[in-house]
file upload_14.tsv (TSV, C-alpha atoms)
chain	number	residue	atom	x	y	z
E	1	VAL	CA	100.32	56.10	137.59
E	2	ARG	CA	97.22	57.52	135.94
E	3	HIS	CA	98.74	56.66	132.59
E	4	VAL	CA	99.37	53.04	133.67
E	5	ARG	CA	95.85	52.66	135.04
E	6	ALA	CA	94.32	54.11	131.89
E	7	HIS	CA	96.44	51.80	129.78
E	8	GLY	CA	95.32	48.84	131.90
E	9	ARG	CA	91.64	49.73	131.48
E	10	TYR	CA	92.16	50.13	127.73
E	11	TYR	CA	93.91	46.75	127.53
E	12	ARG	CA	91.12	44.98	129.46
E	13	HIS	CA	88.53	46.66	127.23
E	14	GLN	CA	90.36	45.51	124.12
E	15	MET	CA	90.63	41.92	125.44
E	16	LYS	CA	86.92	41.87	126.31
E	17	LEU	CA	86.08	43.15	122.85
E	18	ARG	CA	88.30	40.48	121.26
E	19	ILE	CA	86.61	37.72	123.28
E	20	GLN	CA	83.17	39.00	122.25
E	21	ILE	CA	84.21	39.10	118.57
E	22	GLN	CA	85.69	35.59	118.78
E	23	GLY	CA	82.53	34.34	120.43
E	24	ILE	CA	80.38	35.82	117.70
E	25	CYS	CA	82.63	34.26	115.03
E	26	ALA	CA	82.58	30.85	116.71
E	27	VAL	CA	78.81	30.85	117.11
E	28	TRP	CA	78.40	32.05	113.52
E	29	LEU	CA	80.71	29.29	112.25
E	30	SER	CA	78.90	26.70	114.32
E	31	GLY	CA	75.52	27.87	113.09
E	32	LEU	CA	76.73	27.94	109.50
E	33	VAL	CA	78.06	24.39	109.67
E	34	LEU	CA	75.00	23.05	111.47
E	35	GLY	CA	72.72	24.90	109.07
E	36	PHE	CA	74.55	23.40	106.09
E	37	THR	CA	74.30	19.97	107.66
E	38	GLY	CA	70.56	20.30	108.17
E	39	ALA	CA	70.02	21.57	104.65
E	40	ALA	CA	72.22	18.87	103.14
E	41	SER	CA	71.38	15.74	105.08
E	42	ALA	CA	68.01	16.15	106.80
E	43	ASP	CA	66.20	14.55	103.86
E	44	VAL	CA	68.81	11.97	102.84
E	45	ILE	CA	68.34	8.29	103.66
E	46	ARG	CA	71.53	6.23	103.99
E	47	GLN	CA	71.69	2.45	104.18
E	48	THR	CA	74.72	0.34	105.12
E	49	VAL	CA	75.03	-3.11	103.53
E	50	SER	CA	76.16	-6.04	105.69
E	51	TYR	CA	77.62	-9.39	104.59
E	52	PRO	CA	78.47	-12.71	106.26
E	53	PRO	CA	81.79	-12.84	108.14
E	54	TYR	CA	84.90	-13.60	106.08
E	55	ALA	CA	83.17	-12.88	102.75
E	56	LEU	CA	85.65	-12.07	100.00
E	57	GLY	CA	83.26	-9.61	98.37
E	58	GLY	CA	79.63	-8.64	98.11
E	59	TRP	CA	77.45	-6.90	95.56
E	60	ALA	CA	73.95	-6.70	96.97
E	61	SER	CA	71.17	-5.44	94.73
E	62	ILE	CA	69.83	-2.02	95.65
E	63	ASP	CA	66.27	-0.83	96.23
E	64	PHE	CA	66.83	2.82	97.11
E	65	ASP	CA	63.39	3.70	98.47
E	66	GLY	CA	62.37	0.25	99.69
E	67	ASP	CA	59.33	-0.05	97.43
E	68	GLY	CA	60.11	-3.69	96.58
E	69	ALA	CA	61.39	-2.97	93.06
E	70	LEU	CA	65.14	-3.35	92.54
E	71	ASP	CA	66.81	-0.29	91.08
E	72	LEU	CA	70.34	-1.66	90.60
E	73	SER	CA	71.84	-5.14	90.42
E	74	PHE	CA	75.41	-6.34	89.87
E	75	ASP	CA	77.21	-9.34	88.42
E	76	ILE	CA	80.80	-10.51	88.10
E	77	GLU	CA	82.14	-11.32	84.63
E	78	GLY	CA	85.45	-12.94	83.74
E	79	ILE	CA	87.16	-12.68	80.36
E	80	ASN	CA	90.11	-15.03	79.78
E	81	TRP	CA	92.91	-15.12	77.26
E	82	GLU	CA	96.15	-17.07	76.96
E	83	SER	CA	98.28	-14.95	79.29
E	84	GLY	CA	95.60	-13.97	81.77
E	85	GLY	CA	92.34	-12.09	81.69
E	86	VAL	CA	90.20	-9.48	83.37
E	87	ILE	CA	87.43	-9.54	85.97
E	88	LEU	CA	84.67	-6.97	85.67
E	89	LEU	CA	81.85	-5.90	87.95
E	90	ASN	CA	78.89	-4.88	85.80
E	91	VAL	CA	75.84	-2.91	86.90
E	92	HIS	CA	72.32	-3.32	85.54
E	93	SER	CA	69.60	-0.75	86.10
E	94	SER	CA	65.84	-1.07	86.04
E	95	GLN	CA	63.71	0.67	83.41
E	96	THR	CA	63.18	3.59	85.79
E	97	THR	CA	66.81	3.97	86.93
E	98	ASP	CA	69.77	5.72	85.31
E	99	VAL	CA	73.48	5.49	86.12
E	100	LEU	CA	76.08	8.21	85.65
E	101	LEU	CA	78.33	6.79	82.92
E	102	GLN	CA	81.43	7.91	81.09
E	103	ASP	CA	82.30	6.17	77.84
E	104	TRP	CA	81.76	2.43	78.39
E	105	GLY	CA	81.87	2.41	82.18
E	106	VAL	CA	80.54	3.96	85.36
E	107	LEU	CA	81.97	7.38	86.23
E	108	PRO	CA	83.89	7.24	89.57
E	109	LEU	CA	82.89	10.05	91.93
E	110	GLN	CA	84.84	11.64	94.76
E	111	MET	CA	83.65	12.86	98.15
E	112	GLY	CA	81.93	16.22	97.75
E	113	ASP	CA	80.89	15.70	94.12
E	114	PRO	CA	77.26	16.64	93.38
E	115	VAL	CA	74.83	14.21	91.77
E	116	SER	CA	72.24	16.22	89.87
E	117	LEU	CA	70.31	16.69	86.65
E	118	THR	CA	73.30	18.37	84.99
E	119	PRO	CA	76.47	16.47	86.03
E	120	VAL	CA	79.85	18.16	85.67
E	121	MET	CA	81.17	15.04	83.91
E	122	GLY	CA	79.57	11.98	82.32
E	123	GLN	CA	75.97	11.48	81.23
E	124	TRP	CA	72.84	9.83	82.56
E	125	GLU	CA	72.02	6.52	80.85
E	126	ALA	CA	70.30	3.26	81.61
E	127	SER	CA	73.09	0.70	82.10
E	128	GLY	CA	73.14	-1.93	79.40
E	129	LEU	CA	74.51	-5.43	79.21
E	130	ARG	CA	78.05	-4.36	80.06
E	131	SER	CA	78.38	-1.13	82.02
E	132	SER	CA	81.48	-1.79	84.08
E	133	VAL	CA	81.75	-0.43	87.62
E	134	TRP	CA	85.35	-1.63	87.95
E	135	SER	CA	87.77	-4.00	86.27
E	136	LYS	CA	90.88	-5.84	87.45
E	137	SER	CA	93.36	-7.74	85.31
E	138	PHE	CA	95.03	-10.96	86.31
E	139	SER	CA	97.92	-12.99	84.93
E	140	SER	CA	98.14	-16.73	84.27
E	141	PHE	CA	101.86	-16.67	85.02
E	142	PRO	CA	103.14	-16.43	88.60
E	143	GLU	CA	106.36	-14.75	87.51
E	144	PRO	CA	106.73	-10.96	87.14
E	145	PRO	CA	105.70	-8.61	85.70
E	146	PRO	CA	102.56	-8.37	87.86
E	147	PRO	CA	99.23	-7.54	86.25
E	148	PRO	CA	98.24	-3.85	86.15
E	149	SER	CA	96.17	-2.50	89.02
E	150	GLY	CA	92.42	-2.27	88.78
E	151	GLN	CA	90.43	0.55	87.26
E	152	GLY	CA	87.08	2.09	88.12
E	153	VAL	CA	84.96	2.79	91.17
E	154	GLY	CA	86.56	1.72	94.45
E	155	MET	CA	89.98	0.96	92.97
E	156	PRO	CA	93.13	2.73	94.23
E	157	GLY	CA	93.45	6.17	92.67
E	158	TYR	CA	89.78	6.34	91.69
E	159	GLY	CA	86.68	7.63	93.45
E	160	ASP	CA	84.76	5.25	95.73
E	161	PHE	CA	81.27	6.33	94.64
E	162	MET	CA	78.94	6.00	91.68
E	163	GLY	CA	75.93	8.18	90.95
E	164	ALA	CA	72.40	6.95	90.22
E	165	ARG	CA	68.88	8.31	89.93
E	166	PHE	CA	65.45	6.68	89.90
E	167	LEU	CA	61.96	7.77	88.92
E	168	SER	CA	59.15	8.02	91.42
E	169	GLY	CA	56.08	8.97	89.43
E	170	THR	CA	57.38	11.72	87.16
E	171	ASP	CA	60.13	12.95	89.50
E	172	TRP	CA	63.78	11.99	89.74
E	173	HIS	CA	65.47	11.11	93.01
E	174	TYR	CA	69.26	11.30	93.06
E	175	GLY	CA	71.56	8.98	95.01
E	176	TRP	CA	74.97	7.38	95.28
E	177	VAL	CA	76.54	3.99	95.99
E	178	ARG	CA	79.82	3.58	97.87
E	179	PHE	CA	82.31	0.79	97.08
E	180	GLY	CA	85.31	-0.48	99.01
E	181	PRO	CA	86.97	-3.55	100.52
E	182	LEU	CA	85.19	-5.56	103.19
E	183	ASP	CA	86.75	-5.19	106.63
E	184	SER	CA	86.14	-8.88	107.36
E	185	SER	CA	87.57	-10.19	104.08
E	186	PRO	CA	90.43	-12.70	104.52
E	187	ALA	CA	91.90	-11.69	101.16
E	188	PRO	CA	95.57	-10.62	101.38
E	189	GLU	CA	94.87	-7.44	99.42
E	190	PRO	CA	91.64	-5.44	98.89
E	191	GLY	CA	91.26	-6.27	95.23
E	192	TRP	CA	87.50	-6.52	94.69
E	193	PRO	CA	85.58	-3.43	95.82
E	194	SER	CA	82.17	-4.35	97.27
E	195	VAL	CA	78.91	-2.45	97.72
E	196	LEU	CA	79.22	-0.95	101.20
E	197	GLU	CA	76.59	1.76	101.43
E	198	TYR	CA	74.03	3.70	99.41
E	199	ALA	CA	71.89	6.80	99.87
E	200	TYR	CA	69.25	8.87	98.12
E	201	GLU	CA	67.62	12.28	98.44
E	202	THR	CA	63.95	12.01	99.45
E	203	PHE	CA	63.08	15.43	98.01
E	204	PRO	CA	62.30	15.03	94.29
E	205	ASN	CA	64.52	16.64	91.66
E	206	THR	CA	67.01	17.71	94.35
E	207	PRO	CA	70.80	17.19	94.02
E	208	ILE	CA	72.69	15.12	96.56
E	209	LEU	CA	76.33	15.40	97.61
E	210	VAL	CA	78.74	12.47	97.66
E	211	PRO	CA	78.46	11.79	100.52
E	212	GLU	CA	76.37	14.10	102.72
E	213	PRO	CA	78.64	15.82	105.28
E	214	SER	CA	76.61	15.01	108.38
E	215	ALA	CA	79.15	13.61	110.86
E	216	CYS	CA	82.02	15.81	109.70
E	217	ALA	CA	79.91	18.94	109.96
E	218	LEU	CA	78.90	18.12	113.52
E	219	ILE	CA	82.54	17.52	114.46
E	220	LEU	CA	83.60	20.84	112.93
E	221	SER	CA	80.82	22.61	114.77
E	222	GLY	CA	81.83	21.09	118.09
E	223	CYS	CA	85.49	21.99	117.46
E	224	ALA	CA	84.54	25.62	116.80
E	225	LEU	CA	82.65	25.88	120.09
E	226	LEU	CA	85.39	24.07	122.02
E	227	TRP	CA	88.02	26.37	120.56
E	228	PHE	CA	86.07	29.42	121.68
E	229	TYR	CA	85.54	28.02	125.19
E	230	VAL	CA	89.22	27.21	125.70
E	231	ARG	CA	90.29	30.53	124.21
E	232	GLN	CA	87.97	32.46	126.46
E	233	LYS	CA	89.11	30.59	129.58
E	234	GLY	CA	92.73	31.31	128.72
E	235	MET	CA	92.11	35.04	128.41
E	236	ALA	CA	89.91	35.34	131.52

call {"tool": "encode", "arguments": {"input": "upload_14.tsv", "output": "C-alpha coordinates"}}
result
Amino acid sequence: VRHVRAHGRYYRHQMKLRIQIQGICAVWLSGLVLGFTGAASADVIRQTVSYPPYALGGWASIDFDGDGALDLSFDIEGINWESGGVILLNVHSSQTTDVLLQDWGVLPLQMGDPVSLTPVMGQWEASGLRSSVWSKSFSSFPEPPPPPSGQGVGMPGYGDFMGARFLSGTDWHYGWVRFGPLDSSPAPEPGWPSVLEYAYETFPNTPILVPEPSACALILSGCALLWFYVRQKGMA
(Lines of atoms letter the chains of each structure in order from A and count residues from 1; the text may use other names and numbers.)
(Lines give C-alpha, C1' and ligand atoms only; values in the text may rest on other atoms or scores of the structure.)
Protein backbone atom coordinates (compact mmCIF):
# COMPACT_ATOMS: atom_id res chain seq x y z
CA VAL A 1 0.00 0.00 0.00
CA ARG A 2 2.83 2.37 0.89
CA HIS A 3 4.42 1.54 -2.43
CA VAL A 4 1.19 2.35 -4.32
CA ARG A 5 0.73 5.64 -2.46
CA ALA A 6 4.33 6.65 -3.08
CA HIS A 7 3.94 5.78 -6.74
CA GLY A 8 0.75 7.87 -6.90
CA ARG A 9 2.47 10.89 -5.34
CA TYR A 10 5.38 10.50 -7.76
CA TYR A 11 2.99 10.28 -10.72
CA ARG A 12 1.08 13.42 -9.66
CA HIS A 13 4.38 15.24 -9.15
CA GLN A 14 5.54 14.24 -12.63
CA MET A 15 2.23 15.35 -14.20
CA LYS A 16 2.40 18.70 -12.40
CA LEU A 17 5.96 19.17 -13.58
CA ARG A 18 4.94 18.33 -17.16
CA ILE A 19 2.09 20.86 -17.06
CA GLN A 20 4.44 23.55 -15.74
CA ILE A 21 6.99 22.80 -18.48
CA GLN A 22 4.28 22.85 -21.17
CA GLY A 23 2.99 26.13 -19.81
CA ILE A 24 6.43 27.68 -19.93
CA CYS A 25 6.92 26.42 -23.51
CA ALA A 26 3.52 27.73 -24.63
CA VAL A 27 4.08 31.15 -23.07
CA TRP A 28 7.59 31.27 -24.55
CA LEU A 29 6.26 30.35 -28.01
CA SER A 30 3.50 32.93 -27.71
CA GLY A 31 5.92 35.61 -26.62
CA LEU A 32 8.35 34.72 -29.38
CA VAL A 33 5.67 34.93 -32.07
CA LEU A 34 4.19 38.14 -30.71
CA GLY A 35 7.65 39.63 -30.32
CA PHE A 36 8.49 38.76 -33.93
CA THR A 37 5.22 40.27 -35.06
CA GLY A 38 5.90 43.52 -33.23
CA ALA A 39 9.43 43.73 -34.57
CA ALA A 40 8.35 42.90 -38.11
CA SER A 41 5.12 44.81 -38.59
CA ALA A 42 4.87 47.61 -36.01
CA ASP A 43 6.44 50.10 -38.43
CA VAL A 44 4.97 48.82 -41.70
CA ILE A 45 2.15 50.69 -43.42
CA ARG A 46 -0.12 48.59 -45.65
CA GLN A 47 -2.69 49.95 -48.08
CA THR A 48 -5.41 47.98 -49.87
CA VAL A 49 -6.49 49.20 -53.32
CA SER A 50 -10.20 49.20 -54.20
CA TYR A 51 -11.84 49.29 -57.64
CA PRO A 52 -15.37 49.75 -59.01
CA PRO A 53 -17.60 46.65 -58.97
CA TYR A 54 -17.26 44.25 -61.90
CA ALA A 55 -13.95 45.76 -63.06
CA LEU A 56 -11.96 43.35 -65.21
CA GLY A 57 -8.66 44.64 -63.87
CA GLY A 58 -7.03 47.58 -62.17
CA TRP A 59 -3.55 49.03 -61.98
CA ALA A 60 -3.66 52.05 -59.71
CA SER A 61 -0.57 54.23 -59.44
CA ILE A 62 1.21 54.00 -56.10
CA ASP A 63 2.35 56.74 -53.73
CA PHE A 64 3.88 54.70 -50.92
CA ASP A 65 4.21 57.39 -48.25
CA GLY A 66 1.35 59.64 -49.37
CA ASP A 67 3.53 62.68 -50.04
CA GLY A 68 1.68 63.49 -53.29
CA ALA A 69 4.45 62.26 -55.60
CA LEU A 70 3.74 59.03 -57.48
CA ASP A 71 6.38 56.36 -56.99
CA LEU A 72 5.06 53.72 -59.42
CA SER A 73 2.65 53.77 -62.35
CA PHE A 74 1.49 51.03 -64.73
CA ASP A 75 0.25 50.70 -68.29
CA ILE A 76 -1.06 47.91 -70.50
CA GLU A 77 0.69 47.23 -73.81
CA GLY A 78 -0.43 44.93 -76.60
CA ILE A 79 1.84 43.48 -79.28
CA ASN A 80 0.11 41.78 -82.22
CA TRP A 81 1.28 39.42 -84.91
CA GLU A 82 -0.46 37.27 -87.50
CA SER A 83 -1.33 34.33 -85.27
CA GLY A 84 -1.93 36.21 -82.05
CA GLY A 85 0.05 38.43 -79.75
CA VAL A 86 0.95 39.22 -76.18
CA ILE A 87 -0.38 41.61 -73.54
CA LEU A 88 2.09 43.11 -71.10
CA LEU A 89 1.72 45.10 -67.91
CA ASN A 90 4.63 47.53 -67.67
CA VAL A 91 5.76 49.44 -64.60
CA HIS A 92 7.31 52.91 -64.58
CA SER A 93 9.14 54.32 -61.58
CA SER A 94 9.84 57.89 -60.55
CA GLN A 95 13.37 59.29 -60.44
CA THR A 96 13.58 58.44 -56.74
CA THR A 97 12.15 54.90 -56.96
CA ASP A 98 13.78 51.60 -57.89
CA VAL A 99 12.19 48.26 -58.76
CA LEU A 100 13.67 44.82 -58.17
CA LEU A 101 14.28 43.51 -61.70
CA GLN A 102 15.64 40.35 -63.23
CA ASP A 103 16.75 40.47 -66.85
CA TRP A 104 14.09 42.43 -68.77
CA GLY A 105 11.24 42.10 -66.29
CA VAL A 106 10.18 42.48 -62.68
CA LEU A 107 11.37 39.74 -60.33
CA PRO A 108 8.38 37.83 -58.84
CA LEU A 109 8.64 37.45 -55.06
CA GLN A 110 7.10 34.84 -52.78
CA MET A 111 5.64 35.22 -49.30
CA GLY A 112 8.45 35.46 -46.76
CA ASP A 113 11.04 36.86 -49.18
CA PRO A 114 13.01 39.83 -47.82
CA VAL A 115 13.22 43.14 -49.68
CA SER A 116 16.48 44.82 -48.74
CA LEU A 117 19.61 46.59 -49.93
CA THR A 118 21.22 43.29 -50.95
CA PRO A 119 18.52 41.10 -52.59
CA VAL A 120 19.09 37.36 -52.86
CA MET A 121 18.12 37.52 -56.55
CA GLY A 122 17.73 40.32 -59.09
CA GLN A 123 19.03 43.88 -58.93
CA TRP A 124 17.72 47.32 -58.07
CA GLU A 125 17.07 49.51 -61.11
CA ALA A 126 14.84 52.36 -62.18
CA SER A 127 12.23 50.81 -64.49
CA GLY A 128 12.55 51.99 -68.05
CA LEU A 129 10.16 52.17 -70.96
CA ARG A 130 9.40 48.46 -70.88
CA SER A 131 9.92 46.72 -67.55
CA SER A 132 7.27 44.03 -67.66
CA VAL A 133 5.45 43.00 -64.48
CA TRP A 134 3.63 40.18 -66.27
CA SER A 135 2.82 39.04 -69.80
CA LYS A 136 0.08 36.87 -71.27
CA SER A 137 -0.10 35.51 -74.80
CA PHE A 138 -3.27 35.22 -76.82
CA SER A 139 -4.18 33.49 -80.08
CA SER A 140 -6.12 34.85 -83.06
CA PHE A 141 -7.48 31.38 -83.78
CA PRO A 142 -10.27 29.88 -81.67
CA GLU A 143 -9.13 26.34 -82.38
CA PRO A 144 -6.54 24.49 -80.25
CA PRO A 145 -3.76 24.57 -79.31
CA PRO A 146 -4.49 27.20 -76.64
CA PRO A 147 -2.01 30.01 -76.03
CA PRO A 148 0.62 29.44 -73.33
CA SER A 149 -0.18 30.59 -69.81
CA GLY A 150 1.00 33.93 -68.55
CA GLN A 151 4.36 34.71 -67.03
CA GLY A 152 5.46 37.09 -64.29
CA VAL A 153 4.13 38.55 -61.07
CA GLY A 154 0.66 37.30 -60.12
CA MET A 155 0.50 34.59 -62.78
CA PRO A 156 -0.03 30.92 -61.84
CA GLY A 157 3.23 29.34 -60.72
CA TYR A 158 4.90 32.68 -60.01
CA GLY A 159 5.11 34.87 -56.93
CA ASP A 160 2.35 37.44 -56.32
CA PHE A 161 4.64 40.25 -55.15
CA MET A 162 7.15 42.71 -56.56
CA GLY A 163 9.76 44.62 -54.59
CA ALA A 164 10.32 48.38 -54.69
CA ARG A 165 12.20 51.07 -52.79
CA PHE A 166 11.97 54.86 -52.72
CA LEU A 167 14.18 57.67 -51.48
CA SER A 168 13.13 59.97 -48.68
CA GLY A 169 15.90 62.52 -48.34
CA THR A 170 19.03 60.37 -48.48
CA ASP A 171 17.44 57.21 -47.03
CA TRP A 172 15.83 54.25 -48.75
CA HIS A 173 12.47 52.85 -47.71
CA TYR A 174 11.69 49.31 -48.85
CA GLY A 175 8.26 48.02 -49.86
CA TRP A 176 6.27 45.54 -51.89
CA VAL A 177 3.24 45.44 -54.19
CA ARG A 178 0.84 42.48 -54.32
CA PHE A 179 -0.91 41.38 -57.53
CA GLY A 180 -3.82 39.04 -58.10
CA PRO A 181 -7.26 38.66 -59.68
CA LEU A 182 -10.10 40.93 -58.62
CA ASP A 183 -12.77 39.14 -56.61
CA SER A 184 -15.50 41.13 -58.34
CA SER A 185 -14.24 40.57 -61.89
CA PRO A 186 -16.79 38.95 -64.23
CA ALA A 187 -14.00 37.42 -66.31
CA PRO A 188 -14.33 33.62 -66.70
CA GLU A 189 -10.71 33.11 -65.68
CA PRO A 190 -8.31 35.27 -63.61
CA GLY A 191 -6.04 36.19 -66.48
CA TRP A 192 -4.95 39.76 -65.73
CA PRO A 193 -3.39 40.19 -62.27
CA SER A 194 -4.26 43.58 -60.76
CA VAL A 195 -2.66 45.76 -58.09
CA LEU A 196 -4.36 44.65 -54.87
CA GLU A 197 -2.21 45.94 -52.04
CA TYR A 198 1.10 47.62 -51.23
CA ALA A 199 3.20 48.29 -48.15
CA TYR A 200 6.41 49.97 -47.07
CA GLU A 201 8.70 50.07 -44.04
CA THR A 202 8.62 53.46 -42.29
CA PHE A 203 12.04 52.97 -40.70
CA PRO A 204 14.73 54.08 -43.20
CA ASN A 205 17.19 51.57 -44.64
CA THR A 206 15.30 48.69 -42.98
CA PRO A 207 14.36 45.47 -44.83
CA ILE A 208 10.74 44.41 -45.15
CA LEU A 209 9.30 40.91 -45.49
CA VAL A 210 6.87 39.90 -48.21
CA PRO A 211 4.38 40.24 -46.66
CA GLU A 212 4.69 41.07 -42.95
CA PRO A 213 3.37 38.14 -40.87
CA SER A 214 1.02 40.12 -38.65
CA ALA A 215 -2.27 38.21 -38.77
CA CYS A 216 -0.67 34.78 -39.06
CA ALA A 217 1.59 35.42 -36.11
CA LEU A 218 -1.34 36.44 -33.92
CA ILE A 219 -3.24 33.30 -34.93
CA LEU A 220 -0.25 31.09 -34.12
CA SER A 221 0.15 32.80 -30.77
CA GLY A 222 -3.51 32.27 -29.90
CA CYS A 223 -3.30 28.61 -30.96
CA ALA A 224 -0.31 28.06 -28.69
CA LEU A 225 -2.14 29.46 -25.67
CA LEU A 226 -5.34 27.57 -26.51
CA TRP A 227 -3.40 24.34 -26.85
CA PHE A 228 -1.85 24.81 -23.43
CA TYR A 229 -5.22 25.63 -21.82
CA VAL A 230 -6.94 22.56 -23.27
CA ARG A 231 -3.99 20.34 -22.44
CA GLN A 232 -3.90 21.54 -18.87
CA LYS A 233 -7.66 21.05 -18.40
CA GLY A 234 -7.39 17.51 -19.73
CA MET A 235 -4.66 16.59 -17.26
CA ALA A 236 -6.26 18.28 -14.24

call {"tool": "atom_distance", "arguments": {"input": "upload_14.tsv", "atom1": "CA of Leu56 in chain E", "atom2": "CA of Phe161 in chain E"}}
result
19.7 Å

call {"tool": "closest_residue", "arguments": {"input": "upload_14.tsv", "among": "E:Trp172, E:Phe203, E:Tyr158, E:Tyr54", "to": "Trp124 in chain E", "atoms": "only C-alpha atoms"}}
result
E:Trp172

call {"tool": "atom_distance", "arguments": {"input": "upload_14.tsv", "atom1": "CA of Gly128 in chain E", "atom2": "CA of Gln110 in chain E"}}
result
23.6 Å

call {"tool": "atom_distance", "arguments": {"input": "upload_14.tsv", "atom1": "CA of Ala199 in chain E", "atom2": "CA of Pro211 in chain E"}}
result
8.3 Å

call {"tool": "closest_residue", "arguments": {"input": "upload_14.tsv", "among": "E:Arg178, E:His92, E:His173, E:Arg130", "to": "Gly78 in chain E", "atoms": "only C-alpha atoms"}}
result
E:Arg130

call {"tool": "closest_residue", "arguments": {"input": "upload_14.tsv", "among": "E:Ile87, E:Val49, E:Ile79, E:Leu117", "to": "Asp171 in chain E", "atoms": "all atoms listed in the file"}}
result
E:Leu117

call {"tool": "residues_around", "arguments": {"input": "upload_14.tsv", "residues": "Arg165 in chain E", "least_positions_apart": "6", "cutoff": "10 Å", "atoms": "only C-alpha atoms", "output": "JSON, numbers by chain"}}
result
{"E": [64, 71, 93, 96, 97, 98, 99, 100, 115, 116, 117, 124, 125, 126, 171, 172, 173, 174, 175, 176, 200, 201, 205, 207]}

call {"tool": "residues_around", "arguments": {"input": "upload_14.tsv", "residues": "Val153 in chain E", "least_positions_apart": "4", "cutoff": "12 Å", "atoms": "all atoms listed in the file", "output": "ChimeraX atom specification"}}
result
/E:88-91,100-102,105-110,131-136,157-163,176-181,191-195

call {"tool": "write_last_selection", "arguments": {"input": "upload_14.tsv", "atoms": "C-alpha atoms", "output": "PDB file, in the coordinates of the input"}}
result
ATOM      1  CA  LEU E  88      84.670  -6.970  85.670  1.00  0.00           C
ATOM      2  CA  LEU E  89      81.850  -5.900  87.950  1.00  0.00           C
ATOM      3  CA  ASN E  90      78.890  -4.880  85.800  1.00  0.00           C
ATOM      4  CA  VAL E  91      75.840  -2.910  86.900  1.00  0.00           C
ATOM      5  CA  LEU E 100      76.080   8.210  85.650  1.00  0.00           C
ATOM      6  CA  LEU E 101      78.330   6.790  82.920  1.00  0.00           C
ATOM      7  CA  GLN E 102      81.430   7.910  81.090  1.00  0.00           C
ATOM      8  CA  GLY E 105      81.870   2.410  82.180  1.00  0.00           C
ATOM      9  CA  VAL E 106      80.540   3.960  85.360  1.00  0.00           C
ATOM     10  CA  LEU E 107      81.970   7.380  86.230  1.00  0.00           C
ATOM     11  CA  PRO E 108      83.890   7.240  89.570  1.00  0.00           C
ATOM     12  CA  LEU E 109      82.890  10.050  91.930  1.00  0.00           C
ATOM     13  CA  GLN E 110      84.840  11.640  94.760  1.00  0.00           C
ATOM     14  CA  SER E 131      78.380  -1.130  82.020  1.00  0.00           C
ATOM     15  CA  SER E 132      81.480  -1.790  84.080  1.00  0.00           C
ATOM     16  CA  VAL E 133      81.750  -0.430  87.620  1.00  0.00           C
ATOM     17  CA  TRP E 134      85.350  -1.630  87.950  1.00  0.00           C
ATOM     18  CA  SER E 135      87.770  -4.000  86.270  1.00  0.00           C
ATOM     19  CA  LYS E 136      90.880  -5.840  87.450  1.00  0.00           C
ATOM     20  CA  GLY E 157      93.450   6.170  92.670  1.00  0.00           C
ATOM     21  CA  TYR E 158      89.780   6.340  91.690  1.00  0.00           C
ATOM     22  CA  GLY E 159      86.680   7.630  93.450  1.00  0.00           C
ATOM     23  CA  ASP E 160      84.760   5.250  95.730  1.00  0.00           C
ATOM     24  CA  PHE E 161      81.270   6.330  94.640  1.00  0.00           C
ATOM     25  CA  MET E 162      78.940   6.000  91.680  1.00  0.00           C
ATOM     26  CA  GLY E 163      75.930   8.180  90.950  1.00  0.00           C
ATOM     27  CA  TRP E 176      74.970   7.380  95.280  1.00  0.00           C
ATOM     28  CA  VAL E 177      76.540   3.990  95.990  1.00  0.00           C
ATOM     29  CA  ARG E 178      79.820   3.580  97.870  1.00  0.00           C
ATOM     30  CA  PHE E 179      82.310   0.790  97.080  1.00  0.00           C
ATOM     31  CA  GLY E 180      85.310  -0.480  99.010  1.00  0.00           C
ATOM     32  CA  PRO E 181      86.970  -3.550 100.520  1.00  0.00           C
ATOM     33  CA  GLY E 191      91.260  -6.270  95.230  1.00  0.00           C
ATOM     34  CA  TRP E 192      87.500  -6.520  94.690  1.00  0.00           C
ATOM     35  CA  PRO E 193      85.580  -3.430  95.820  1.00  0.00           C
ATOM     36  CA  SER E 194      82.170  -4.350  97.270  1.00  0.00           C
ATOM     37  CA  VAL E 195      78.910  -2.450  97.720  1.00  0.00           C
TER      38      VAL E 195
END

call {"tool": "residues_around", "arguments": {"input": "upload_14.tsv", "residues": "Leu209 in chain E", "least_positions_apart": "2", "cutoff": "6 Å", "atoms": "all atoms listed in the file", "output": "ChimeraX atom specification"}}
result
/E:112-114,211-212
